[in-house]
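K.L.:
Data: my_file_16.cif, mmCIF, C-alpha atoms and all ligand atoms.
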data_input
loop_
_atom_site.label_atom_id
_atom_site.label_comp_id
_atom_site.auth_asym_id
_atom_site.auth_seq_id
_atom_site.Cartn_x
_atom_site.Cartn_y
_atom_site.Cartn_z
CA MET A 1 100.07 143.53 159.30
CA SER A 2 98.83 141.91 162.46
CA ASP A 3 95.33 141.08 161.29
CA ALA A 4 93.19 139.22 163.80
CA LYS A 5 93.69 135.50 163.49
CA LYS A 6 90.71 133.27 163.29
CA TYR A 7 90.45 129.99 165.12
CA VAL A 8 88.00 127.19 165.07
CA ASP A 9 87.59 124.70 167.87
CA VAL A 10 89.03 121.47 166.48
CA LYS A 11 89.68 119.74 169.77
CA ILE A 12 88.51 116.13 169.65
CA THR A 13 87.39 114.55 172.88
CA ASN A 14 87.37 110.81 173.58
CA GLU A 15 83.63 111.16 174.17
CA LYS A 16 83.17 112.47 170.65
CA LEU A 17 85.18 109.62 169.15
CA GLU A 18 83.21 107.07 171.17
CA ALA A 19 79.91 108.61 170.13
CA LEU A 20 80.97 108.47 166.45
CA LYS A 21 81.98 104.82 166.89
CA ARG A 22 78.57 104.02 168.40
CA GLU A 23 76.81 105.74 165.47
CA GLN A 24 78.94 103.73 163.07
CA ASN A 25 78.06 100.46 164.80
CA ALA A 26 74.36 101.33 164.79
CA ALA A 27 74.26 102.24 161.07
CA VAL A 28 73.66 99.75 158.28
CA GLY A 29 74.83 99.39 154.67
CA MET A 30 76.32 102.42 152.98
CA ALA A 31 75.32 104.62 155.91
CA ARG A 32 77.70 102.56 157.98
CA TYR A 33 80.53 103.33 155.56
CA GLY A 34 79.67 107.04 155.74
CA ARG A 35 79.80 106.87 159.54
CA TYR A 36 83.09 105.05 159.36
CA LYS A 37 84.54 107.85 157.20
CA ALA A 38 83.31 110.44 159.68
CA TRP A 39 84.88 108.56 162.57
CA LEU A 40 88.15 108.11 160.64
CA HIS A 41 88.37 111.84 159.89
CA TYR A 42 88.16 112.73 163.58
CA ALA A 43 90.29 109.80 164.73
CA ASN A 44 93.07 110.90 162.36
CA LEU A 45 92.76 114.51 163.45
CA ASN A 46 92.96 113.45 167.08
CA SER A 47 96.03 111.34 166.48
CA TRP A 48 97.79 114.11 164.54
CA GLN A 49 97.06 116.61 167.30
CA ASN A 50 98.60 114.22 169.80
CA GLN A 51 101.67 113.86 167.55
CA LYS A 52 101.83 117.69 167.77
CA TRP A 53 101.69 117.78 163.99
CA HIS A 54 100.57 121.05 162.41
CA LEU A 55 99.05 120.55 159.00
CA ALA A 56 96.51 122.29 156.75
CA TYR A 57 94.31 119.22 157.07
CA VAL A 58 91.05 120.41 155.61
CA ASN A 59 90.13 122.82 152.86
CA TYR A 60 86.91 124.31 154.14
CA ALA A 61 84.50 124.94 151.24
CA GLY A 62 87.47 125.99 149.11
CA GLU A 63 87.60 129.21 151.17
CA SER A 64 90.15 128.48 153.83
CA TRP A 65 92.51 125.92 155.26
CA HIS A 66 92.16 124.71 158.81
CA CYS A 67 95.30 123.69 160.65
CA THR A 68 95.20 120.77 163.08
CA CYS A 69 95.62 123.38 165.86
CA GLY A 70 92.51 125.29 164.73
CA LEU A 71 94.22 128.19 162.96
CA VAL A 72 92.17 129.30 159.97
CA VAL A 73 94.10 130.48 156.93
CA ALA A 74 91.95 132.16 154.30
CA ARG A 75 92.61 131.13 150.73
CA GLY A 76 94.95 133.55 148.97
CA THR A 77 96.43 134.86 152.22
CA VAL A 78 99.87 136.35 151.67
CA ALA A 79 102.44 134.02 153.23
CA GLU A 80 103.88 135.49 156.42
CA VAL A 81 106.76 133.03 156.33
CA GLY A 82 108.72 133.07 153.07
CA GLY A 83 111.77 131.16 151.88
CA LEU A 84 112.55 127.68 153.17
CA GLN A 85 112.09 126.25 149.69
CA ALA A 86 113.87 123.05 150.73
CA LEU A 87 110.96 122.21 153.02
CA GLU A 88 107.56 121.10 151.83
CA LEU A 89 105.45 123.67 153.61
CA ASP A 90 101.72 124.18 153.20
CA ALA A 91 99.61 127.35 153.47
CA ALA A 92 99.17 126.87 157.21
CA HIS A 93 102.90 126.41 157.80
CA ARG A 94 103.48 129.76 156.14
CA ALA A 95 100.95 131.57 158.36
CA ARG A 96 101.73 132.82 161.86
CA GLY A 97 99.55 132.32 164.90
CA HIS A 98 99.60 128.58 165.62
CA ARG A 99 98.63 127.25 169.02
CA ASN A 100 100.62 124.70 170.94
CA LEU A 101 99.52 121.08 170.52
CA PRO A 102 98.04 119.03 171.98
CA ASP A 103 96.76 121.54 174.57
CA PHE A 104 95.77 124.38 172.16
CA GLY A 105 97.50 126.77 174.58
CA GLU A 106 100.28 129.26 173.85
CA LEU A 107 101.09 130.71 170.46
CA VAL A 108 104.01 128.89 168.87
CA VAL A 109 106.48 129.78 166.12
CA ALA A 110 108.34 126.46 166.02
CA PHE A 111 106.53 123.17 165.57
CA VAL A 112 106.40 119.77 163.85
CA TYR A 113 105.37 120.21 160.22
CA ASP A 114 105.75 116.62 159.04
CA TYR A 115 106.51 113.17 160.33
CA LYS A 116 107.27 109.69 159.06
CA TRP A 117 106.47 106.29 160.45
CA ILE A 118 109.39 103.95 159.80
CA GLU A 119 107.76 100.55 159.66
CA ASP A 120 110.96 98.47 159.85
CA ILE A 121 112.01 99.84 163.20
CA GLY A 122 108.57 100.86 164.47
CA PHE A 123 109.61 104.44 165.01
CA TYR A 124 108.28 107.91 164.28
CA TYR A 125 110.61 110.55 162.87
CA TYR A 126 109.66 114.20 163.04
CA ASP A 127 110.50 117.28 160.96
CA ALA A 128 110.21 120.64 162.72
CA PHE A 129 110.97 124.23 161.80
CA CYS A 130 110.99 127.72 163.22
CA GLN A 131 108.97 130.44 161.47
CA VAL A 132 111.10 133.24 162.91
CA CYS A 133 114.75 132.28 162.29
CA GLY A 134 114.17 129.66 159.59
CA ASP A 135 116.14 126.94 161.38
CA TYR A 136 114.85 123.38 161.02
CA VAL A 137 115.52 119.75 161.92
CA LEU A 138 114.65 116.68 159.88
CA GLU A 139 113.95 113.09 160.91
CA ARG A 140 114.44 113.49 164.63
CA SER A 141 112.92 111.55 167.49
CA GLY A 142 109.86 113.09 169.14
CA ARG A 143 111.98 114.14 172.09
CA GLU A 144 114.54 115.92 169.92
CA ALA A 145 111.86 117.61 167.83
CA ASP A 146 110.16 118.80 171.04
CA MET A 147 113.44 120.12 172.34
CA PHE A 148 114.07 122.02 169.10
CA ALA A 149 110.57 123.53 169.22
CA ASP A 150 110.83 124.44 172.91
CA ILE A 151 114.15 126.23 172.45
CA HIS A 152 112.89 128.24 169.48
CA ASN A 153 109.55 129.03 171.07
CA ILE A 154 111.43 130.51 174.01
CA SER A 155 114.17 132.36 172.11
CA CYS A 156 112.42 133.22 168.83
CA GLY A 157 108.85 133.30 170.15
CA VAL A 158 109.51 136.32 172.37
CA ALA A 159 108.48 138.79 169.67
CA VAL A 160 105.11 137.19 169.02
CA ARG A 161 104.18 137.09 172.70
CA ALA A 162 105.17 140.69 173.33
ZN ZN A 201 98.77 124.89 163.56
ZN ZN A 202 114.06 130.08 165.73
#
Can you present the structure in this file as structure tokens?
Ligand SMILES: [Zn+2]
Ligand SMILES: [Zn+2]
P.N.:
Amino acid sequence: MSDAKKYVDVKITNEKLEALKREQNAAVGMARYGRYKAWLHYANLNSWQNQKWHLAYVNYAGESWHCTCGLVVARGTVAEVGGLQALELDAAHRARGHRNLPDFGELVVAFVYDYKWIEDIGFYYYDAFCQVCGDYVLERSGREADMFADIHNISCGVAVRA
């Protein structure tokens, strides 16, 4: 069932963010608020991509979910990754074919699916899992989560690259 995966280009450049900020500053009244919301949407997306966080971040016209890496998951798609009920996974997490973040390069099977900012200690904790073997780590430092993903993308990712 290797149907062709669809991608959309969701890469946010600094130029785009700066242009949106300029539009916001130039707008007045409620238009300014609208521009602010537009900027915030892309600024958040950009920051999540840099955190290497995969997430079904937007429901496009109720038809499909778009992952932060650009993978498009049509609504009602049969989950390719089952089980893992202990984890809070979204439709994108259960679909194969994600691209590495933040460079949108190789296909990955292990990645960060959630993270927490711990205000008290000023630290980010990451949750990551592997779509192939079902292994996962919770509340790890970015370095540890990266290491987990790297190991699984090498050992478990072989099949998807073949
Ligand atoms: Zn993704
Ligand atoms: Zn694995």
K.L.:
Can you tell me which residues come within 7 Å of ligand ZN 202 (chain A) when counting all atoms listed in the file, ideally as a CSV table (one decimal) with C-alpha atoms, keeping the file's coordinate frame?
P.N.:
chain,number,residue,atom,x,y,z
A,110,ALA,CA,108.3,126.5,166.0
A,130,CYS,CA,111.0,127.7,163.2
A,131,GLN,CA,109.0,130.4,161.5
A,132,VAL,CA,111.1,133.2,162.9
A,133,CYS,CA,114.8,132.3,162.3
A,134,GLY,CA,114.2,129.7,159.6
A,135,ASP,CA,116.1,126.9,161.4
A,152,HIS,CA,112.9,128.2,169.5
A,155,SER,CA,114.2,132.4,172.1
A,156,CYS,CA,112.4,133.2,168.8
K.L.:
Compute the set of protein, DNA and RNA residues whose minimum atom distance to ligand ZN 201 (chain A) is at most 6 Å, using all atoms listed in the file, and state it as a PDB file with C-alpha atoms, in the frame of the given file.
P.N.:
ATOM      1  CA  HIS A  54     100.570 121.050 162.410  1.00  0.00           C
ATOM      2  CA  CYS A  67      95.300 123.690 160.650  1.00  0.00           C
ATOM      3  CA  THR A  68      95.200 120.770 163.080  1.00  0.00           C
ATOM      4  CA  CYS A  69      95.620 123.380 165.860  1.00  0.00           C
ATOM      5  CA  LEU A  71      94.220 128.190 162.960  1.00  0.00           C
ATOM      6  CA  HIS A  98      99.600 128.580 165.620  1.00  0.00           C
ATOM      7  CA  ARG A  99      98.630 127.250 169.020  1.00  0.00           C
TER       8      ARG A  99
END
K.L.:
Distance cut-off 12 Å, centre (105.7, 135.5, 151.0) in file coordinates, counting only C-alpha atoms: which residues qualify? Return them as an mmCIF file with C-alpha atoms, keeping the file's coordinate frame.
P.N.:
data_model
loop_
_atom_site.group_PDB
_atom_site.id
_atom_site.type_symbol
_atom_site.label_atom_id
_atom_site.label_comp_id
_atom_site.auth_asym_id
_atom_site.auth_seq_id
_atom_site.Cartn_x
_atom_site.Cartn_y
_atom_site.Cartn_z
ATOM 1 C CA GLY A 76 94.950 133.550 148.970
ATOM 2 C CA THR A 77 96.430 134.860 152.220
ATOM 3 C CA VAL A 78 99.870 136.350 151.670
ATOM 4 C CA ALA A 79 102.440 134.020 153.230
ATOM 5 C CA GLU A 80 103.880 135.490 156.420
ATOM 6 C CA VAL A 81 106.760 133.030 156.330
ATOM 7 C CA GLY A 82 108.720 133.070 153.070
ATOM 8 C CA GLY A 83 111.770 131.160 151.880
ATOM 9 C CA LEU A 84 112.550 127.680 153.170
ATOM 10 C CA GLN A 85 112.090 126.250 149.690
ATOM 11 C CA ALA A 91 99.610 127.350 153.470
ATOM 12 C CA HIS A 93 102.900 126.410 157.800
ATOM 13 C CA ARG A 94 103.480 129.760 156.140
ATOM 14 C CA ALA A 95 100.950 131.570 158.360
ATOM 15 C CA ARG A 96 101.730 132.820 161.860
#
K.L.:
Is there a way to get, as a list in words, all residues within 12 Å of the point (112.7, 119.0, 156.3) in file coordinates, counting only C-alpha atoms?
P.N.:
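Counting only C-alpha atoms, I find these residues within 12 Å of (112.7, 119.0, 156.3): Leu84, Gln85, Ala86, Leu87, Glu88, Leu89, Phe111, Val112, Tyr113, Asp114, Tyr115, Lys116, Tyr125, Tyr126, Asp127, Ala128, Phe129, Cys130, Gly134, Asp135, Tyr136, Val137, Leu138, Glu139, Arg140 and Ala145 of chain A.
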K.L.:
Could those selected residues go to a file with C-alpha atoms, as an mmCIF file, keeping the file's coordinate frame?
P.N.:
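Okay, selection_33.cif is ready:
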data_model
loop_
_atom_site.group_PDB
_atom_site.id
_atom_site.type_symbol
_atom_site.label_atom_id
_atom_site.label_comp_id
_atom_site.auth_asym_id
_atom_site.auth_seq_id
_atom_site.Cartn_x
_atom_site.Cartn_y
_atom_site.Cartn_z
ATOM 1 C CA LEU A 84 112.550 127.680 153.170
ATOM 2 C CA GLN A 85 112.090 126.250 149.690
ATOM 3 C CA ALA A 86 113.870 123.050 150.730
ATOM 4 C CA LEU A 87 110.960 122.210 153.020
ATOM 5 C CA GLU A 88 107.560 121.100 151.830
ATOM 6 C CA LEU A 89 105.450 123.670 153.610
ATOM 7 C CA PHE A 111 106.530 123.170 165.570
ATOM 8 C CA VAL A 112 106.400 119.770 163.850
ATOM 9 C CA TYR A 113 105.370 120.210 160.220
ATOM 10 C CA ASP A 114 105.750 116.620 159.040
ATOM 11 C CA TYR A 115 106.510 113.170 160.330
ATOM 12 C CA LYS A 116 107.270 109.690 159.060
ATOM 13 C CA TYR A 125 110.610 110.550 162.870
ATOM 14 C CA TYR A 126 109.660 114.200 163.040
ATOM 15 C CA ASP A 127 110.500 117.280 160.960
ATOM 16 C CA ALA A 128 110.210 120.640 162.720
ATOM 17 C CA PHE A 129 110.970 124.230 161.800
ATOM 18 C CA CYS A 130 110.990 127.720 163.220
ATOM 19 C CA GLY A 134 114.170 129.660 159.590
ATOM 20 C CA ASP A 135 116.140 126.940 161.380
ATOM 21 C CA TYR A 136 114.850 123.380 161.020
ATOM 22 C CA VAL A 137 115.520 119.750 161.920
ATOM 23 C CA LEU A 138 114.650 116.680 159.880
ATOM 24 C CA GLU A 139 113.950 113.090 160.910
ATOM 25 C CA ARG A 140 114.440 113.490 164.630
ATOM 26 C CA ALA A 145 111.860 117.610 167.830
#
K.L.:
For the atom pair atom CA of A:Gly29 and atom CA of A:Asn44, what is the interatomic distance in Å to one decimal place?
P.N.:
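Separating atom CA of A:Gly29 from atom CA of A:Asn44 is a distance of 22.9 Å.
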K.L.:
Separation of atom CA of A:Lys16 and atom CA of A:Leu101, in Å?
P.N.:
18.5 Å
K.L.:
Any idea what the distance is between atom CA of A:Val8 and atom CA of A:Ala61?
P.N.:
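Computing the Euclidean distance for atom CA of A:Val8 and atom CA of A:Ala61 yields 14.4 Å.
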K.L.:
Select, from A:Glu106, A:Asp9, A:Arg35, A:Gly70, the residue with the minimum atom-to-atom distance to A:Ile154, counting only C-alpha atoms.
P.N.:
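Closest to A:Ile154 of all the choices is A:Glu106.
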K.L.:
Using only C-alpha atoms, which residue out of A:Ala38, A:Leu45, A:Ala26, A:Ala92 lies closest to A:Ser64?
P.N.:
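Ranked by minimum distance to A:Ser64, first place goes to A:Ala92.
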K.L.:
Could you check the closest approach to A:Phe104 for each of A:Lys5, A:Lys52, A:Arg22, A:Arg32 and tell me which residue wins, using all atoms listed in the file?
P.N.:
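Going through A:Lys5, A:Lys52, A:Arg22, A:Arg32 one by one, the smallest distance to A:Phe104 is for A:Lys52.
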K.L.:
For a quick check of understanding, using all atoms listed in the file, which of A:Leu55, A:Val158, A:Ile118, A:Leu17 has the smallest distance to A:Tyr42?
P.N.:
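Answer, going by the shortest atom-to-atom distance: A:Leu17.
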K.L.:
Missing atoms in stretch 34-62 of chain A need filling: write out N, CA and C atoms for it as a PDB file, in the coordinates of the input.
P.N.:
ATOM      1  N   GLY A  34      79.631 105.587 155.541  1.00  0.00           N
ATOM      2  CA  GLY A  34      79.670 107.040 155.740  1.00  0.00           C
ATOM      3  C   GLY A  34      80.067 107.390 157.167  1.00  0.00           C
ATOM      4  N   ARG A  35      79.486 106.638 158.128  1.00  0.00           N
ATOM      5  CA  ARG A  35      79.800 106.870 159.540  1.00  0.00           C
ATOM      6  C   ARG A  35      81.250 106.513 159.844  1.00  0.00           C
ATOM      7  N   TYR A  36      81.691 105.467 159.170  1.00  0.00           N
ATOM      8  CA  TYR A  36      83.090 105.050 159.360  1.00  0.00           C
ATOM      9  C   TYR A  36      84.025 106.166 158.886  1.00  0.00           C
ATOM     10  N   LYS A  37      83.713 106.760 157.731  1.00  0.00           N
ATOM     11  CA  LYS A  37      84.540 107.850 157.200  1.00  0.00           C
ATOM     12  C   LYS A  37      84.553 109.044 158.146  1.00  0.00           C
ATOM     13  N   ALA A  38      83.404 109.326 158.735  1.00  0.00           N
ATOM     14  CA  ALA A  38      83.310 110.440 159.680  1.00  0.00           C
ATOM     15  C   ALA A  38      84.191 110.158 160.905  1.00  0.00           C
ATOM     16  N   TRP A  39      84.058 108.932 161.404  1.00  0.00           N
ATOM     17  CA  TRP A  39      84.880 108.560 162.570  1.00  0.00           C
ATOM     18  C   TRP A  39      86.362 108.659 162.236  1.00  0.00           C
ATOM     19  N   LEU A  40      86.744 108.135 161.052  1.00  0.00           N
ATOM     20  CA  LEU A  40      88.150 108.110 160.640  1.00  0.00           C
ATOM     21  C   LEU A  40      88.727 109.532 160.552  1.00  0.00           C
ATOM     22  N   HIS A  41      87.943 110.449 160.010  1.00  0.00           N
ATOM     23  CA  HIS A  41      88.370 111.840 159.890  1.00  0.00           C
ATOM     24  C   HIS A  41      88.769 112.396 161.263  1.00  0.00           C
ATOM     25  N   TYR A  42      87.894 112.194 162.242  1.00  0.00           N
ATOM     26  CA  TYR A  42      88.160 112.730 163.580  1.00  0.00           C
ATOM     27  C   TYR A  42      89.228 111.942 164.319  1.00  0.00           C
ATOM     28  N   ALA A  43      89.270 110.621 164.075  1.00  0.00           N
ATOM     29  CA  ALA A  43      90.290 109.800 164.730  1.00  0.00           C
ATOM     30  C   ALA A  43      91.681 110.200 164.225  1.00  0.00           C
ATOM     31  N   ASN A  44      91.799 110.448 162.926  1.00  0.00           N
ATOM     32  CA  ASN A  44      93.070 110.900 162.360  1.00  0.00           C
ATOM     33  C   ASN A  44      93.457 112.262 162.929  1.00  0.00           C
ATOM     34  N   LEU A  45      92.498 113.161 162.942  1.00  0.00           N
ATOM     35  CA  LEU A  45      92.760 114.510 163.450  1.00  0.00           C
ATOM     36  C   LEU A  45      93.249 114.441 164.893  1.00  0.00           C
ATOM     37  N   ASN A  46      92.582 113.627 165.679  1.00  0.00           N
ATOM     38  CA  ASN A  46      92.960 113.450 167.080  1.00  0.00           C
ATOM     39  C   ASN A  46      94.381 112.906 167.205  1.00  0.00           C
ATOM     40  N   SER A  47      94.707 111.931 166.376  1.00  0.00           N
ATOM     41  CA  SER A  47      96.030 111.340 166.480  1.00  0.00           C
ATOM     42  C   SER A  47      97.110 112.325 166.015  1.00  0.00           C
ATOM     43  N   TRP A  48      96.811 113.110 164.990  1.00  0.00           N
ATOM     44  CA  TRP A  48      97.790 114.110 164.540  1.00  0.00           C
ATOM     45  C   TRP A  48      98.002 115.187 165.592  1.00  0.00           C
ATOM     46  N   GLN A  49      96.926 115.593 166.255  1.00  0.00           N
ATOM     47  CA  GLN A  49      97.060 116.610 167.300  1.00  0.00           C
ATOM     48  C   GLN A  49      97.940 116.085 168.428  1.00  0.00           C
ATOM     49  N   ASN A  50      97.780 114.793 168.740  1.00  0.00           N
ATOM     50  CA  ASN A  50      98.600 114.220 169.800  1.00  0.00           C
ATOM     51  C   ASN A  50     100.050 114.008 169.371  1.00  0.00           C
ATOM     52  N   GLN A  51     100.290 113.930 168.063  1.00  0.00           N
ATOM     53  CA  GLN A  51     101.670 113.860 167.550  1.00  0.00           C
ATOM     54  C   GLN A  51     102.258 115.269 167.479  1.00  0.00           C
ATOM     55  N   LYS A  52     101.438 116.275 167.821  1.00  0.00           N
ATOM     56  CA  LYS A  52     101.830 117.690 167.770  1.00  0.00           C
ATOM     57  C   LYS A  52     102.118 118.130 166.332  1.00  0.00           C
ATOM     58  N   TRP A  53     101.452 117.496 165.400  1.00  0.00           N
ATOM     59  CA  TRP A  53     101.690 117.780 163.990  1.00  0.00           C
ATOM     60  C   TRP A  53     100.764 118.882 163.494  1.00  0.00           C
ATOM     61  N   HIS A  54     101.352 119.960 163.006  1.00  0.00           N
ATOM     62  CA  HIS A  54     100.570 121.050 162.410  1.00  0.00           C
ATOM     63  C   HIS A  54     100.489 120.806 160.910  1.00  0.00           C
ATOM     64  N   LEU A  55      99.298 120.895 160.389  1.00  0.00           N
ATOM     65  CA  LEU A  55      99.050 120.550 159.000  1.00  0.00           C
ATOM     66  C   LEU A  55      97.753 121.209 158.546  1.00  0.00           C
ATOM     67  N   ALA A  56      97.746 121.748 157.318  1.00  0.00           N
ATOM     68  CA  ALA A  56      96.510 122.290 156.750  1.00  0.00           C
ATOM     69  C   ALA A  56      95.675 121.081 156.350  1.00  0.00           C
ATOM     70  N   TYR A  57      94.913 120.542 157.282  1.00  0.00           N
ATOM     71  CA  TYR A  57      94.310 119.220 157.070  1.00  0.00           C
ATOM     72  C   TYR A  57      92.990 119.257 156.340  1.00  0.00           C
ATOM     73  N   VAL A  58      92.304 120.384 156.349  1.00  0.00           N
ATOM     74  CA  VAL A  58      91.050 120.410 155.610  1.00  0.00           C
ATOM     75  C   VAL A  58      90.849 121.739 154.897  1.00  0.00           C
ATOM     76  N   ASN A  59      90.425 121.637 153.660  1.00  0.00           N
ATOM     77  CA  ASN A  59      90.130 122.820 152.860  1.00  0.00           C
ATOM     78  C   ASN A  59      88.641 123.061 153.017  1.00  0.00           C
ATOM     79  N   TYR A  60      88.292 124.079 153.798  1.00  0.00           N
ATOM     80  CA  TYR A  60      86.910 124.310 154.140  1.00  0.00           C
ATOM     81  C   TYR A  60      86.189 125.059 153.020  1.00  0.00           C
ATOM     82  N   ALA A  61      85.320 124.357 152.305  1.00  0.00           N
ATOM     83  CA  ALA A  61      84.500 124.940 151.240  1.00  0.00           C
ATOM     84  C   ALA A  61      85.331 125.707 150.205  1.00  0.00           C
ATOM     85  N   GLY A  62      86.598 125.331 150.072  1.00  0.00           N
ATOM     86  CA  GLY A  62      87.470 125.990 149.110  1.00  0.00           C
ATOM     87  C   GLY A  62      87.827 127.422 149.516  1.00  0.00           C
TER      88      GLY A  62
END
